[in-house]
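Asks: To start, I am sharing the structure in question, which I have written as structure tokens.
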Amino acid sequence: MKTKNLRQLIPALLISGAAFLYACGGSGNDASSSADTTSNSAASTAASVDPATKSDSKGVGKFTSVQLGPIDDAMAEKGKAVFTAKCSACHKATDQRVVGPGLKGVTQRRTPEWIMNQITNPAEMEQKDPVGKALLAKYLTQMTFQNVTDDETRQILEYFRQNDKQ
Amino acid sequence: MNSAITYYLRLALTNFIVLTVLGLVLRYMHIADIDGVNYQFLLHAHSHFAFAGWMFFAIALLIISLIDKNTLARSFKWVMILALISAYGMLVSFYLQGYKAVSITFSTLFIIVTYRFTYLVFKSKILKNGLNPLSAGLISASLIFLCLSSAGPFALGPLMALGLKNTPWYQDAIYIYLHFQMNGFMLLAGWGMFASVWPNVSLNKASKTWLKLFVWSTAALYFIFTLWSKPGVPFQALAAAGAIVNLVSWLMLCIGCRDQLPKCSLLVKAALAATTLKCIFQVIVCIPGVGEWVFSNRDLIIGYIHLLTLGIISPLILDQMIRRGFLKRSLPLVWIYIGAAVVYVALLFLQPFLARLGVLIPDYEILLFAVSLVFLFIAVVFFFKFSFKR
């Protein structure tokens, strides 16, 4: 009885060993950044972008020029409410990542246009914008549009500015 | 009572405690910062450990004890030991390095364990001779889905090699695993074990048809999990057909068993309600505009998963443990469990709706954390106060 079971176990171990070797190969490719897989599309620069560093990209989307004045606290307050309701399942306003990156300092790393485009147009951003692609490769979760209006998007930006000033 | 099975069931309860701790830490990370803990790695550890260490481990033991109450055969003992190794292996490796070589190895080991378990159960003939046809039908379908679920992870390697990692195909392959594990294996096995306690259920012709439709529509429900990428009308139609047939056949099966159901325990009644809600939600999600909103909403997805796991599968497991004398009955604890599950799932479902109206549930994340704490309390009390020692 015992030897019979052992005999049955050995193929199982062999298969898992083979799967292990195969998986090693697979994840090796992955480790070198999954941005590699996007290199088929034209002009991929994602592999060279570190999402933690500053970028001047304005991103892809309807916001091409955002004028900033002094921080409007009332507007930031509204933005905080929208953020809590629609973004906080995945993002924190500290530097800690949860599902997505922590957003402390985001206004220093990114342009206002990029931030507003990422909020309103995340799918296209993560396919076309170099920073967006690098973010998808790093966090492995596609961000989704949360049905925020343009006004609400601007309010969220104001909240980020206020959050970064503190 | 068999001491080996009791011993392993206590291990299952230990794993339940570990699982609630993982959930608690994840919830804590939403309200406070923990340096050095990667949320996503911990999330993977939580979900993989839940599948292998709690749900599969407990369900497999309960099915084994249907076959033979008195001895744990050596072949099954190996299944349990290897399942345990893979569960803890995945827990540690996913936590430390995410989806990489070591965690993939333990995941693969887990898949092989599920194959072996399925083979041993089918070989035992219990599905033909020892169980009533309703229970045997549900459990054999659940085991077939258990094996089918592995098609998802095995497709990931080839998809990656073909450069399809950033396409919907890759995500959809992961959903094969999730769907066939939870809706396929766990849910059907849970209800199959529940039905096994009725000694002489003979299915009339109509019930047989509804059972078949329920099982087949469970497979078709997979198409719901592909709708997020807007794959087109055929997929939408298949998903909607699956969801509607699933709901109708579920209700018809319930009506067919209506003489038995009022006598069920509280945990089973909760699972009945949760399964009905789940079937209704699946139909609603197939309405195009609604679906788009739901799929973009993380809380609703997490809510759906926990409606399944906390609302249906775990209650059915706990009910079986109580009914078969592995756990003592404690009505207050069961009420606390159901209350916690209702609040947890309700919070996750309500906040996205209220957010549309601009309303925030005050201290939302803290409330979710507090309920997670209740689950830890329940798991610990079940283990120390209500499980029988060897």
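Going through the structure tokens in order, the chains are called A, B, and so on, while each chain numbers its residues from 1 and the ligands are numbered from 1 in the order shown.
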For the helix (DSSP H, G or I) assignment from backbone DSSP, which residues of segment 59-107 of chain B qualify? Please present them as JSON, numbers by chain.
Replies: {"B": [59, 60, 61, 62, 63, 64, 65, 66, 67, 74, 75, 76, 77, 78, 79, 80, 81, 82, 83, 84, 85, 86, 87, 88, 89, 90, 91, 92, 93, 94, 95, 96, 97, 101, 102, 103, 104, 105, 106, 107]}
Asks: Determine, using only C-alpha atoms, which residues of chain B have any atom at most 7 Å from an atom of chain A, and tabulate each with its shortest atom pair and distance in Å to one decimal place, rows ordered by chain and then rising number, as CSV.
Replies:
residue,atom,partner,partner_atom,distance
B:Asp33,CA,A:Gln96,CA,6.4
B:Tyr39,CA,A:Val98,CA,5.1
B:Gln40,CA,A:Val99,CA,6.1
B:Ser75,CA,A:Asn5,CA,6.5
B:Lys100,CA,A:Ser27,CA,5.8
B:Ala101,CA,A:Cys24,CA,5.0
B:Ile104,CA,A:Ala23,CA,6.6
B:Thr105,CA,A:Phe20,CA,5.1
B:Thr108,CA,A:Ser16,CA,6.2
B:Leu109,CA,A:Ser16,CA,5.9
B:Ile112,CA,A:Ala12,CA,6.8
B:Gly157,CA,A:Gly26,CA,6.0
B:Gly163,CA,A:Thr37,CA,5.2
B:Lys165,CA,A:Thr37,CA,6.9
B:Ser296,CA,A:Thr144,CA,5.3
B:Arg298,CA,A:Ala89,CA,6.6
B:Asp299,CA,A:Ala89,CA,6.6
B:Ala355,CA,A:Ala85,CA,5.4
B:Leu360,CA,A:Ala85,CA,6.2
Asks: Write out as a list of chain:residue names which residues come within 9 Å of Ala50 of chain B when counting only C-alpha atoms, dropping same-chain ones fewer than 6 positions away.
Replies: B:Asn15, B:Phe16, B:Leu19, B:Phe56, B:Ala87
Asks: Would you list the contacts of Ser57 of chain A as a list in words, taking every protein, DNA or RNA residue within 9 Å and counting only C-alpha atoms, but skipping same-chain residues closer than 3 positions in sequence?
Replies: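 What passes the distance filter is Val60, Arg110, Thr111, Glu113, Trp114, Asp129, Pro130 and Val131 of chain A.
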Asks: Print the selection's residues with all heavy atoms to a file, as an mmCIF file, in the first residue's frame.
Replies:
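File written: out03.cif
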data_model
loop_
_atom_site.group_PDB
_atom_site.id
_atom_site.type_symbol
_atom_site.label_atom_id
_atom_site.label_comp_id
_atom_site.auth_asym_id
_atom_site.auth_seq_id
_atom_site.Cartn_x
_atom_site.Cartn_y
_atom_site.Cartn_z
ATOM 1 N N VAL A 60 -1.885 61.671 -22.258
ATOM 2 C CA VAL A 60 -2.760 61.554 -23.423
ATOM 3 C C VAL A 60 -4.189 61.791 -22.963
ATOM 4 O O VAL A 60 -4.668 61.122 -22.055
ATOM 5 C CB VAL A 60 -2.665 60.127 -24.027
ATOM 6 C CG1 VAL A 60 -3.466 60.030 -25.304
ATOM 7 C CG2 VAL A 60 -1.215 59.730 -24.231
ATOM 8 N N ARG A 110 4.497 64.844 -11.350
ATOM 9 C CA ARG A 110 3.747 64.873 -12.605
ATOM 10 C C ARG A 110 3.228 66.278 -12.905
ATOM 11 O O ARG A 110 2.999 67.067 -12.000
ATOM 12 C CB ARG A 110 2.528 63.942 -12.534
ATOM 13 C CG ARG A 110 2.815 62.526 -12.108
ATOM 14 C CD ARG A 110 3.337 61.660 -13.244
ATOM 15 N NE ARG A 110 3.567 60.311 -12.753
ATOM 16 C CZ ARG A 110 4.761 59.847 -12.374
ATOM 17 N NH1 ARG A 110 5.840 60.608 -12.477
ATOM 18 N NH2 ARG A 110 4.891 58.624 -11.904
ATOM 19 N N THR A 111 2.957 66.518 -14.178
ATOM 20 C CA THR A 111 2.344 67.786 -14.572
ATOM 21 C C THR A 111 0.852 67.749 -14.222
ATOM 22 O O THR A 111 0.265 66.660 -14.133
ATOM 23 C CB THR A 111 2.484 68.007 -16.086
ATOM 24 O OG1 THR A 111 1.776 66.952 -16.759
ATOM 25 C CG2 THR A 111 3.949 67.971 -16.511
ATOM 26 N N GLU A 113 -1.570 68.484 -16.132
ATOM 27 C CA GLU A 113 -2.284 67.891 -17.266
ATOM 28 C C GLU A 113 -2.227 66.362 -17.180
ATOM 29 O O GLU A 113 -3.220 65.670 -17.408
ATOM 30 C CB GLU A 113 -1.663 68.356 -18.602
ATOM 31 C CG GLU A 113 -1.786 69.849 -18.884
ATOM 32 C CD GLU A 113 -0.701 70.666 -18.177
ATOM 33 O OE1 GLU A 113 0.195 70.072 -17.531
ATOM 34 O OE2 GLU A 113 -0.756 71.917 -18.256
ATOM 35 N N TRP A 114 -1.043 65.844 -16.858
ATOM 36 C CA TRP A 114 -0.877 64.383 -16.778
ATOM 37 C C TRP A 114 -1.819 63.800 -15.721
ATOM 38 O O TRP A 114 -2.496 62.797 -15.959
ATOM 39 C CB TRP A 114 0.581 64.035 -16.424
ATOM 40 C CG TRP A 114 0.889 62.571 -16.556
ATOM 41 C CD1 TRP A 114 1.469 61.955 -17.620
ATOM 42 C CD2 TRP A 114 0.617 61.542 -15.585
ATOM 43 N NE1 TRP A 114 1.571 60.600 -17.383
ATOM 44 C CE2 TRP A 114 1.065 60.318 -16.151
ATOM 45 C CE3 TRP A 114 0.052 61.518 -14.322
ATOM 46 C CZ2 TRP A 114 0.950 59.090 -15.480
ATOM 47 C CZ3 TRP A 114 -0.064 60.298 -13.647
ATOM 48 C CH2 TRP A 114 0.384 59.108 -14.231
ATOM 49 N N ASP A 129 0.988 56.448 -22.951
ATOM 50 C CA ASP A 129 1.923 57.356 -22.272
ATOM 51 C C ASP A 129 3.054 56.539 -21.639
ATOM 52 O O ASP A 129 2.798 55.527 -20.992
ATOM 53 C CB ASP A 129 1.167 58.139 -21.196
ATOM 54 C CG ASP A 129 2.090 59.087 -20.455
ATOM 55 O OD1 ASP A 129 2.469 60.106 -21.050
ATOM 56 O OD2 ASP A 129 2.450 58.774 -19.299
ATOM 57 N N PRO A 130 4.307 56.977 -21.826
ATOM 58 C CA PRO A 130 5.429 56.195 -21.278
ATOM 59 C C PRO A 130 5.317 55.986 -19.765
ATOM 60 O O PRO A 130 5.556 54.866 -19.277
ATOM 61 C CB PRO A 130 6.659 57.049 -21.609
ATOM 62 C CG PRO A 130 6.222 58.082 -22.565
ATOM 63 C CD PRO A 130 4.739 58.165 -22.572
ATOM 64 N N VAL A 131 4.948 57.037 -19.038
ATOM 65 C CA VAL A 131 4.825 56.894 -17.585
ATOM 66 C C VAL A 131 3.653 55.970 -17.250
ATOM 67 O O VAL A 131 3.746 55.113 -16.371
ATOM 68 C CB VAL A 131 4.639 58.269 -16.913
ATOM 69 C CG1 VAL A 131 4.613 58.101 -15.397
ATOM 70 C CG2 VAL A 131 5.743 59.220 -17.327
#
Asks: In Å, with one decimal, what is the gap from atom CA of Asp68 of chain B to atom CA of Met182 of chain B?
Replies: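 For atom CA of Asp68 of chain B relative to atom CA of Met182 of chain B, the distance reads 25.6 Å.
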Asks: Just the number, please: distance in Å from atom CA of Ala58 of chain B to atom CA of Ala341 of chain B, one decimal.
Replies: 19.1 Å
Asks: How many Å lie between atom CA of Asp319 of chain B and atom CA of Trp250 of chain B, rounded to one decimal?
Replies: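 These two atoms are separated by 20.1 Å.
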Asks: Pick out the residues sitting within 9 Å of segment 366-379 of chain B, and hand them over as a count of residues only; count only C-alpha atoms, and ignore anything fewer than 6 positions along from it in its own chain.
Replies: 26
Asks: Please identify all polymer residues within 10 Å of Lys77 of chain B, counting only C-alpha atoms, omitting same-chain residues fewer than 6 positions from it, and present them as a PyMOL selection string.
Replies: chain B and resi 4-5+8+61+64+83
Asks: Write out as an mmCIF file with N, CA and C atoms, in the first residue's frame which residues come within 12 Å of Thr149 of chain A when counting only C-alpha atoms, dropping same-chain ones fewer than 3 positions away.
Replies:
data_model
loop_
_atom_site.group_PDB
_atom_site.id
_atom_site.type_symbol
_atom_site.label_atom_id
_atom_site.label_comp_id
_atom_site.auth_asym_id
_atom_site.auth_seq_id
_atom_site.Cartn_x
_atom_site.Cartn_y
_atom_site.Cartn_z
ATOM 1 N N GLY A 79 -12.483 68.292 -3.518
ATOM 2 C CA GLY A 79 -11.661 67.259 -4.152
ATOM 3 C C GLY A 79 -11.383 66.114 -3.197
ATOM 4 N N VAL A 82 -14.384 63.828 -3.114
ATOM 5 C CA VAL A 82 -14.460 62.975 -4.308
ATOM 6 C C VAL A 82 -13.404 61.870 -4.224
ATOM 7 N N LYS A 86 -14.234 57.966 -4.372
ATOM 8 C CA LYS A 86 -14.030 57.236 -5.626
ATOM 9 C C LYS A 86 -12.625 56.696 -5.841
ATOM 10 N N MET A 116 -4.637 65.009 -14.542
ATOM 11 C CA MET A 116 -6.052 65.061 -14.927
ATOM 12 C C MET A 116 -6.352 64.084 -16.064
ATOM 13 N N ASN A 117 -5.400 63.878 -16.952
ATOM 14 C CA ASN A 117 -5.607 62.887 -18.016
ATOM 15 C C ASN A 117 -5.622 61.463 -17.460
ATOM 16 N N ILE A 119 -6.608 60.580 -14.538
ATOM 17 C CA ILE A 119 -7.874 60.357 -13.827
ATOM 18 C C ILE A 119 -9.019 60.110 -14.815
ATOM 19 N N THR A 120 -9.019 60.868 -15.908
ATOM 20 C CA THR A 120 -10.177 60.783 -16.807
ATOM 21 C C THR A 120 -9.977 59.806 -17.965
ATOM 22 N N ASN A 121 -8.734 59.432 -18.233
ATOM 23 C CA ASN A 121 -8.464 58.629 -19.437
ATOM 24 C C ASN A 121 -7.440 57.522 -19.143
ATOM 25 N N PHE A 145 -11.634 54.329 -15.057
ATOM 26 C CA PHE A 145 -12.272 55.648 -14.961
ATOM 27 C C PHE A 145 -13.439 55.555 -13.987
ATOM 28 N N GLN A 146 -13.497 56.467 -13.043
ATOM 29 C CA GLN A 146 -14.500 56.376 -11.978
ATOM 30 C C GLN A 146 -15.680 57.327 -12.195
ATOM 31 N N GLU A 152 -14.888 67.797 -11.130
ATOM 32 C CA GLU A 152 -14.421 66.981 -10.003
ATOM 33 C C GLU A 152 -12.943 66.621 -10.164
ATOM 34 N N THR A 153 -12.544 66.371 -11.412
ATOM 35 C CA THR A 153 -11.144 66.037 -11.677
ATOM 36 C C THR A 153 -10.232 67.194 -11.257
ATOM 37 N N ARG A 154 -10.686 68.399 -11.604
ATOM 38 C CA ARG A 154 -9.908 69.582 -11.228
ATOM 39 C C ARG A 154 -9.849 69.739 -9.703
ATOM 40 N N GLN A 155 -10.981 69.397 -9.051
ATOM 41 C CA GLN A 155 -11.020 69.483 -7.580
ATOM 42 C C GLN A 155 -10.049 68.476 -6.945
ATOM 43 N N ILE A 156 -9.974 67.281 -7.544
ATOM 44 C CA ILE A 156 -9.035 66.273 -7.018
ATOM 45 C C ILE A 156 -7.598 66.796 -7.142
ATOM 46 N N ARG B 356 -22.170 57.751 -5.583
ATOM 47 C CA ARG B 356 -22.823 58.366 -6.749
ATOM 48 C C ARG B 356 -23.708 59.532 -6.340
#
